[in-house]
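What's in model_33.tsv: TSV, C-alpha atoms
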chain	number	residue	atom	x	y	z
B	129	MET	CA	0.00	0.00	0.00
B	130	SER	CA	1.32	3.42	-0.95
B	131	PRO	CA	2.44	5.46	2.11
B	132	GLY	CA	0.36	8.38	0.90
B	133	ARG	CA	-2.92	6.49	0.79
B	134	PRO	CA	-3.68	6.66	4.54
B	135	LEU	CA	-2.96	10.38	4.47
B	136	ARG	CA	-5.20	10.91	1.44
B	137	GLY	CA	-7.93	8.86	3.08
B	138	ALA	CA	-7.65	10.82	6.32
B	139	GLY	CA	-7.65	14.05	4.33
B	140	THR	CA	-10.80	13.04	2.48
B	141	VAL	CA	-12.58	12.13	5.72
B	142	GLY	CA	-11.46	15.42	7.23
B	143	VAL	CA	-12.84	17.42	4.32
B	144	VAL	CA	-16.17	15.55	4.45
B	145	VAL	CA	-16.51	16.12	8.20
B	146	ALA	CA	-15.59	19.79	7.84
B	147	CYS	CA	-18.21	20.25	5.13
B	148	GLU	CA	-20.87	18.57	7.25
B	149	VAL	CA	-20.02	20.69	10.29
B	150	GLY	CA	-20.02	23.83	8.13
B	151	THR	CA	-23.35	22.96	6.55
B	152	HIS	CA	-24.96	22.36	9.93
B	153	TYR	CA	-23.50	25.61	11.25
B	154	ALA	CA	-25.05	27.51	8.33
B	155	ALA	CA	-28.40	25.75	8.79
B	156	SER	CA	-28.53	26.60	12.49
B	157	THR	CA	-27.04	30.12	12.43
B	158	PRO	CA	-28.98	33.15	11.18
B	159	GLY	CA	-27.06	35.12	8.57
B	160	ALA	CA	-24.74	32.25	7.62
B	161	ARG	CA	-26.52	31.14	4.47
B	162	GLY	CA	-23.85	32.58	2.18
B	163	PHE	CA	-21.20	30.59	4.00
B	164	GLY	CA	-23.40	27.50	3.83
B	165	LEU	CA	-23.87	27.86	0.10
B	166	ILE	CA	-20.10	27.98	-0.36
B	167	VAL	CA	-19.65	24.87	1.79
B	168	VAL	CA	-22.24	22.98	-0.26
B	169	VAL	CA	-21.26	24.14	-3.75
B	170	ALA	CA	-17.47	24.51	-3.57
B	171	PRO	CA	-16.64	20.78	-3.08
B	172	LEU	CA	-18.95	19.84	-5.95
B	173	LEU	CA	-17.31	22.41	-8.22
B	174	LEU	CA	-13.84	21.16	-7.29
B	175	ILE	CA	-14.83	17.56	-8.01
B	176	ALA	CA	-16.33	18.63	-11.34
B	177	LEU	CA	-13.18	20.59	-12.18
B	178	ALA	CA	-10.92	17.62	-11.43
B	179	ALA	CA	-13.12	15.31	-13.54
B	180	ALA	CA	-13.23	17.79	-16.41
B	181	ALA	CA	-9.46	18.28	-16.34
B	182	ARG	CA	-8.86	14.52	-16.64
B	183	ALA	CA	-11.50	13.87	-19.29
B	184	PRO	CA	-10.57	13.53	-22.98
B	185	GLN	CA	-13.23	16.19	-23.71
B	186	ARG	CA	-11.60	18.74	-21.40
B	187	ARG	CA	-11.28	21.31	-24.19
B	188	TRP	CA	-15.00	21.96	-23.99
B	189	LEU	CA	-15.69	20.65	-20.47
B	190	LEU	CA	-13.38	23.20	-18.83
B	191	PRO	CA	-15.06	26.20	-20.52
B	192	LEU	CA	-18.42	24.68	-19.62
B	193	TRP	CA	-17.27	24.44	-15.99
B	194	ALA	CA	-16.25	28.10	-16.09
B	195	CYS	CA	-19.67	29.05	-17.47
B	196	LEU	CA	-21.33	27.09	-14.67
B	197	CYS	CA	-19.28	28.99	-12.07
B	198	ALA	CA	-20.29	32.29	-13.68
B	199	ALA	CA	-23.95	31.27	-13.68
B	200	LEU	CA	-23.78	30.32	-10.01
B	201	TRP	CA	-22.16	33.64	-9.17
B	202	LEU	CA	-24.89	35.57	-10.98
B	203	ALA	CA	-27.57	33.54	-9.19
B	204	ARG	CA	-25.91	33.75	-5.78
B	205	GLU	CA	-28.58	35.94	-4.15
B	206	PRO	CA	-31.58	33.63	-4.76
B	207	LEU	CA	-29.39	30.59	-4.07
B	208	MET	CA	-28.38	32.01	-0.69
B	209	ARG	CA	-32.02	32.71	0.18
B	210	HIS	CA	-32.81	29.06	-0.51
B	211	PHE	CA	-29.54	27.56	0.72
B	212	GLU	CA	-31.39	24.77	2.52
B	213	TRP	CA	-32.59	23.34	-0.79
B	214	SER	CA	-29.02	23.10	-2.06
B	215	ALA	CA	-27.99	21.26	1.09
B	216	TYR	CA	-31.00	18.94	0.95
B	217	LEU	CA	-30.51	18.11	-2.74
B	218	GLU	CA	-26.83	17.38	-2.16
B	219	HIS	CA	-27.66	14.95	0.66
B	220	LEU	CA	-30.51	13.38	-1.30
B	221	GLY	CA	-28.30	13.03	-4.36
B	222	PHE	CA	-25.60	11.25	-2.36
B	223	THR	CA	-27.98	8.74	-0.77
B	224	LEU	CA	-29.81	8.00	-4.02
B	225	LEU	CA	-26.50	7.63	-5.85
B	226	MET	CA	-25.33	5.07	-3.30
B	227	ALA	CA	-28.66	3.24	-3.52
B	228	SER	CA	-28.20	3.12	-7.28
B	229	VAL	CA	-24.59	1.89	-6.98
B	230	PHE	CA	-25.80	-1.15	-5.02
B	231	GLY	CA	-29.24	-1.57	-6.54
B	232	ARG	CA	-28.32	-1.59	-10.22
B	233	THR	CA	-26.04	-4.60	-9.66
B	234	LEU	CA	-29.11	-6.62	-8.62
B	235	ALA	CA	-30.44	-6.67	-12.19
B	236	ALA	CA	-30.64	-9.99	-13.99
B	237	GLY	CA	-27.33	-11.09	-15.44
B	238	ARG	CA	-25.21	-8.90	-13.15
B	239	GLN	CA	-23.16	-9.76	-10.09
B	240	PRO	CA	-24.36	-8.05	-6.90
B	241	LEU	CA	-21.86	-5.55	-5.62
B	242	CYS	CA	-21.33	-7.28	-2.27
B	243	SER	CA	-20.69	-10.52	-4.15
B	244	ARG	CA	-17.89	-8.75	-6.02
B	245	PHE	CA	-16.37	-7.64	-2.74
B	246	ALA	CA	-16.58	-11.18	-1.35
B	247	ALA	CA	-15.07	-12.69	-4.50
B	248	MET	CA	-12.08	-10.35	-4.20
B	249	VAL	CA	-11.46	-11.53	-0.65
B	250	HIS	CA	-12.40	-15.23	-0.89
B	251	GLY	CA	-12.21	-16.11	-4.58
B	252	THR	CA	-14.95	-18.35	-5.96
B	253	LEU	CA	-18.15	-18.09	-3.91
B	254	THR	CA	-20.22	-21.02	-2.71
B	255	PRO	CA	-23.99	-20.89	-3.39
B	256	ALA	CA	-24.62	-20.02	0.27
B	257	VAL	CA	-22.18	-17.12	0.22
B	258	ALA	CA	-23.47	-15.91	-3.14
B	259	HIS	CA	-27.05	-15.91	-1.77
B	260	TYR	CA	-25.98	-14.10	1.39
B	261	THR	CA	-24.03	-11.42	-0.44
B	262	ARG	CA	-26.95	-10.81	-2.77
B	263	GLN	CA	-29.23	-10.28	0.22
B	264	ILE	CA	-26.70	-7.90	1.76
B	265	THR	CA	-26.61	-5.92	-1.48
B	266	VAL	CA	-30.41	-5.65	-1.22
B	267	ALA	CA	-30.03	-4.52	2.40
B	268	TRP	CA	-27.55	-1.77	1.47
B	269	THR	CA	-29.84	-0.58	-1.30
B	270	ALA	CA	-32.78	-0.46	1.11
B	271	PHE	CA	-30.63	1.28	3.73
B	272	PHE	CA	-29.72	4.20	1.48
B	273	LEU	CA	-33.29	4.51	0.24
B	274	PHE	CA	-34.43	4.56	3.88
B	275	VAL	CA	-31.94	7.33	4.72
B	276	ALA	CA	-33.12	9.31	1.68
B	277	GLY	CA	-36.73	8.88	2.79
B	278	ILE	CA	-36.07	9.98	6.37
B	279	SER	CA	-34.08	12.95	5.10
B	280	THR	CA	-36.96	14.01	2.86
B	281	LEU	CA	-39.54	13.53	5.61
B	282	LEU	CA	-37.54	15.65	8.06
B	283	PHE	CA	-36.84	18.33	5.45
B	284	VAL	CA	-40.56	18.68	4.68
B	285	THR	CA	-42.03	18.37	8.17
B	286	ALA	CA	-39.35	19.29	10.74
B	287	PRO	CA	-37.35	22.44	11.52
B	288	LEU	CA	-34.28	22.91	9.35
B	289	VAL	CA	-31.96	22.31	12.29
B	290	ALA	CA	-33.54	18.90	12.93
B	291	TRP	CA	-33.10	17.88	9.30
B	292	SER	CA	-29.51	19.17	9.30
B	293	THR	CA	-28.67	17.24	12.46
B	294	PHE	CA	-29.81	14.02	10.83
B	295	ALA	CA	-28.25	14.69	7.43
B	296	ASN	CA	-24.90	16.04	8.61
B	297	TYR	CA	-24.31	14.31	11.94
B	298	MET	CA	-26.11	10.98	11.64
B	299	THR	CA	-25.77	9.74	8.07
B	300	LEU	CA	-22.12	8.67	8.16
B	301	PRO	CA	-22.39	7.16	11.67
B	302	LEU	CA	-25.41	5.18	10.44
B	303	VAL	CA	-23.34	3.92	7.51
B	304	ALA	CA	-20.62	2.84	9.96
B	305	VAL	CA	-23.19	1.08	12.17
B	306	MET	CA	-24.62	-0.71	9.12
B	307	PHE	CA	-21.15	-1.78	8.01
B	308	VAL	CA	-20.12	-3.10	11.44
B	309	GLY	CA	-23.54	-4.70	12.00
B	310	GLU	CA	-23.36	-6.58	8.70
B	311	HIS	CA	-19.86	-7.79	9.55
B	312	ALA	CA	-21.14	-9.10	12.91
B	313	TRP	CA	-24.27	-10.69	11.39
B	314	ARG	CA	-22.10	-12.51	8.85
B	315	ARG	CA	-20.65	-14.58	11.69
B	316	VAL	CA	-24.15	-15.80	12.52
B	317	ALA	CA	-25.43	-16.29	8.98
B	318	LEU	CA	-22.23	-17.93	7.64
B	319	PRO	CA	-20.58	-19.60	10.65
B	320	ASP	CA	-18.56	-22.06	8.52
B	321	VAL	CA	-17.09	-19.46	6.18
B	322	LYS	CA	-13.64	-18.06	6.86
B	323	ARG	CA	-14.15	-14.59	8.25
B	324	SER	CA	-12.42	-11.63	6.68
B	325	SER	CA	-11.43	-8.53	8.58
B	326	LEU	CA	-13.05	-5.14	8.22
B	327	LEU	CA	-9.76	-3.95	6.76
B	328	ALA	CA	-9.91	-6.62	4.05
B	329	ALA	CA	-13.45	-5.56	3.18
B	330	ALA	CA	-12.36	-1.93	3.00
B	331	ARG	CA	-9.46	-2.86	0.73
B	332	ALA	CA	-11.82	-4.79	-1.53
B	333	TYR	CA	-14.08	-1.75	-1.73
B	334	ARG	CA	-11.14	0.49	-2.65
B	335	HIS	CA	-9.90	-2.01	-5.24
B	336	THR	CA	-13.38	-2.17	-6.74
B	337	ARG	CA	-13.52	1.61	-7.05
B	338	GLN	CA	-10.08	1.78	-8.63
B	339	GLY	CA	-10.81	-1.07	-11.01
B	340	GLY	CA	-14.02	0.44	-12.30
B	341	ALA	CA	-16.27	-2.19	-10.77
B	342	TYR	CA	-19.30	0.01	-11.23
B	343	ARG	CA	-19.13	-0.22	-14.98
B	344	ALA	CA	-21.89	-2.09	-16.75
B	345	GLN	CA	-21.01	-5.70	-17.36

Could you show the structure in this file as structure tokens?
Amino acid sequence: MSPGRPLRGAGTVGVVVACEVGTHYAASTPGARGFGLIVVVAPLLLIALAAAARAPQRRWLLPLWACLCAALWLAREPLMRHFEWSAYLEHLGFTLLMASVFGRTLAAGRQPLCSRFAAMVHGTLTPAVAHYTRQITVAWTAFFLFVAGISTLLFVTAPLVAWSTFANYMTLPLVAVMFVGEHAWRRVALPDVKRSSLLAAARAYRHTRQGGAYRAQ
């Protein structure tokens, strides 16, 4: 493993946590909507810039990115007045994207995403393991849809601070609880299968991302 990977991973986690704290601060502090809009939009623009710079079509993607920045600047006043919608749509987009990442691999003729992870750790899967990993892929899909539903319900019916607390302070801990809970349940559901560590599962996830495992088969 490259020595820089742990640092990059820690840096990424730090940026995510900082953005969540900043978003919640803006949602709970009068007069901080401009700051909140920056916290929500700036990371997305930086990600888009990095993707555009690496793409073969960067000659027209980079000018398009610049036009998008200009449009956002011109529309900054109404966007600040409705900052909460930007924050909500960002959170909703993340949860629905993750639900899609897991859910689309459940289609006929495709290998469920959790089965891919297991195959990277264990090699060829037995029918029991293949069935279990398919069910876990279903569970992850349902989990992210559930989080998206709760987020929407709170955004529509509860004070903004309540929604922000759930979206910014509870989503990632819930993901961690789901991850650890699944790892623990695996010991009960598959007692005769050699157990892999959480670190091995995390490495399989990273390898899948780097190898383009989300591409259509």

Set the distance at 10 Å and use only C-alpha atoms: which residues neighbour range 295-312 of chain B once local chain neighbours fewer than 5 positions away are removed? I'd like the list as a PDB file with C-alpha atoms, in the coordinates of the input.
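out.pdb written:
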ATOM      1  CA  VAL B 144     -16.170  15.550   4.450  1.00  0.00           C
ATOM      2  CA  VAL B 145     -16.510  16.120   8.200  1.00  0.00           C
ATOM      3  CA  CYS B 147     -18.210  20.250   5.130  1.00  0.00           C
ATOM      4  CA  GLU B 148     -20.870  18.570   7.250  1.00  0.00           C
ATOM      5  CA  VAL B 149     -20.020  20.690  10.290  1.00  0.00           C
ATOM      6  CA  GLY B 150     -20.020  23.830   8.130  1.00  0.00           C
ATOM      7  CA  THR B 151     -23.350  22.960   6.550  1.00  0.00           C
ATOM      8  CA  HIS B 152     -24.960  22.360   9.930  1.00  0.00           C
ATOM      9  CA  ALA B 215     -27.990  21.260   1.090  1.00  0.00           C
ATOM     10  CA  TYR B 216     -31.000  18.940   0.950  1.00  0.00           C
ATOM     11  CA  HIS B 219     -27.660  14.950   0.660  1.00  0.00           C
ATOM     12  CA  LEU B 220     -30.510  13.380  -1.300  1.00  0.00           C
ATOM     13  CA  THR B 223     -27.980   8.740  -0.770  1.00  0.00           C
ATOM     14  CA  ILE B 264     -26.700  -7.900   1.760  1.00  0.00           C
ATOM     15  CA  ALA B 267     -30.030  -4.520   2.400  1.00  0.00           C
ATOM     16  CA  TRP B 268     -27.550  -1.770   1.470  1.00  0.00           C
ATOM     17  CA  PHE B 271     -30.630   1.280   3.730  1.00  0.00           C
ATOM     18  CA  PHE B 272     -29.720   4.200   1.480  1.00  0.00           C
ATOM     19  CA  VAL B 275     -31.940   7.330   4.720  1.00  0.00           C
ATOM     20  CA  ALA B 276     -33.120   9.310   1.680  1.00  0.00           C
ATOM     21  CA  ILE B 278     -36.070   9.980   6.370  1.00  0.00           C
ATOM     22  CA  SER B 279     -34.080  12.950   5.100  1.00  0.00           C
ATOM     23  CA  THR B 280     -36.960  14.010   2.860  1.00  0.00           C
ATOM     24  CA  LEU B 282     -37.540  15.650   8.060  1.00  0.00           C
ATOM     25  CA  PHE B 283     -36.840  18.330   5.450  1.00  0.00           C
ATOM     26  CA  VAL B 289     -31.960  22.310  12.290  1.00  0.00           C
ATOM     27  CA  ALA B 290     -33.540  18.900  12.930  1.00  0.00           C
ATOM     28  CA  ALA B 317     -25.430 -16.290   8.980  1.00  0.00           C
ATOM     29  CA  ARG B 323     -14.150 -14.590   8.250  1.00  0.00           C
ATOM     30  CA  SER B 324     -12.420 -11.630   6.680  1.00  0.00           C
ATOM     31  CA  SER B 325     -11.430  -8.530   8.580  1.00  0.00           C
ATOM     32  CA  LEU B 326     -13.050  -5.140   8.220  1.00  0.00           C
ATOM     33  CA  ALA B 329     -13.450  -5.560   3.180  1.00  0.00           C
TER      34      ALA B 329
END

*Atom pair CA of Ala235 in chain B / CA of Gly277 in chain B: separation (Å)*: 22.5 Å

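Relative to CA of His250 in chain B, CA of Gly237 in chain B is found at 21.3 Å.
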
So that all listed atoms of range 247-254 of chain B fit with 6 Å spare on each side, what axis-aligned box centre and edge lengths in Å, to one decimal, would you give as AutoDock Vina command-line options?
--center_x -15.8 --center_y -15.7 --center_z -3.3 --size_x 20.8 --size_y 22.7 --size_z 17.3

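Nearest residue to Pro287 in chain B among B:Phe222, B:Leu173, B:Val266, B:Glu212 is B:Glu212, counting all atoms listed in the file.
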
*Point-to-point distance in Å for CA of Ala183 in chain B and CA of Arg204 in chain B*: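 Here the two named atoms are 28.0 Å from each other.
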
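Counting all atoms listed in the file and comparing B:Val168, B:Ala236, B:Ala246, B:Leu318, the residue that lies closest to Leu207 in chain B is B:Val168.
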
*Pick from B:Leu253, B:Ala198, B:Pro206, B:Phe211, whichever lies nearest to Arg161 in chain B using all atoms listed in the file*: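 The shortest atom-to-atom distance to Arg161 in chain B comes from B:Phe211.
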
Which residues are close to Ala180 in chain B, i.e. within 7 Å by all atoms listed in the file, leaving aside same-chain residues fewer than 3 positions away? Reply as an mmCIF file with C-alpha atoms, in the frame of the given file.
data_model
loop_
_atom_site.group_PDB
_atom_site.id
_atom_site.type_symbol
_atom_site.label_atom_id
_atom_site.label_comp_id
_atom_site.auth_asym_id
_atom_site.auth_seq_id
_atom_site.Cartn_x
_atom_site.Cartn_y
_atom_site.Cartn_z
ATOM 1 C CA ALA B 176 -16.330 18.630 -11.340
ATOM 2 C CA LEU B 177 -13.180 20.590 -12.180
ATOM 3 C CA ALA B 183 -11.500 13.870 -19.290
ATOM 4 C CA ARG B 186 -11.600 18.740 -21.400
ATOM 5 C CA LEU B 189 -15.690 20.650 -20.470
ATOM 6 C CA LEU B 190 -13.380 23.200 -18.830
#

_Nearest to Ser228 in chain B, chosen from B:Cys195, B:Val249, B:Leu273, B:Leu202, with all atoms listed in the file counted in the distances_ =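 Under the stated criterion, the closest residue is B:Leu273.
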
*Among the residues B:Val284, B:Ala179, B:Ala199, B:Thr261, the one that comes closest to Leu234 in chain B [using only C-alpha atoms]*: B:Thr261

*Smallest atom-to-atom distance to Ala154 in chain B: which of B:Arg315, B:Met208, B:Ala203, B:Ala270, using only C-alpha atoms?*
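Selected residue with least distance to Ala154 in chain B: B:Met208.
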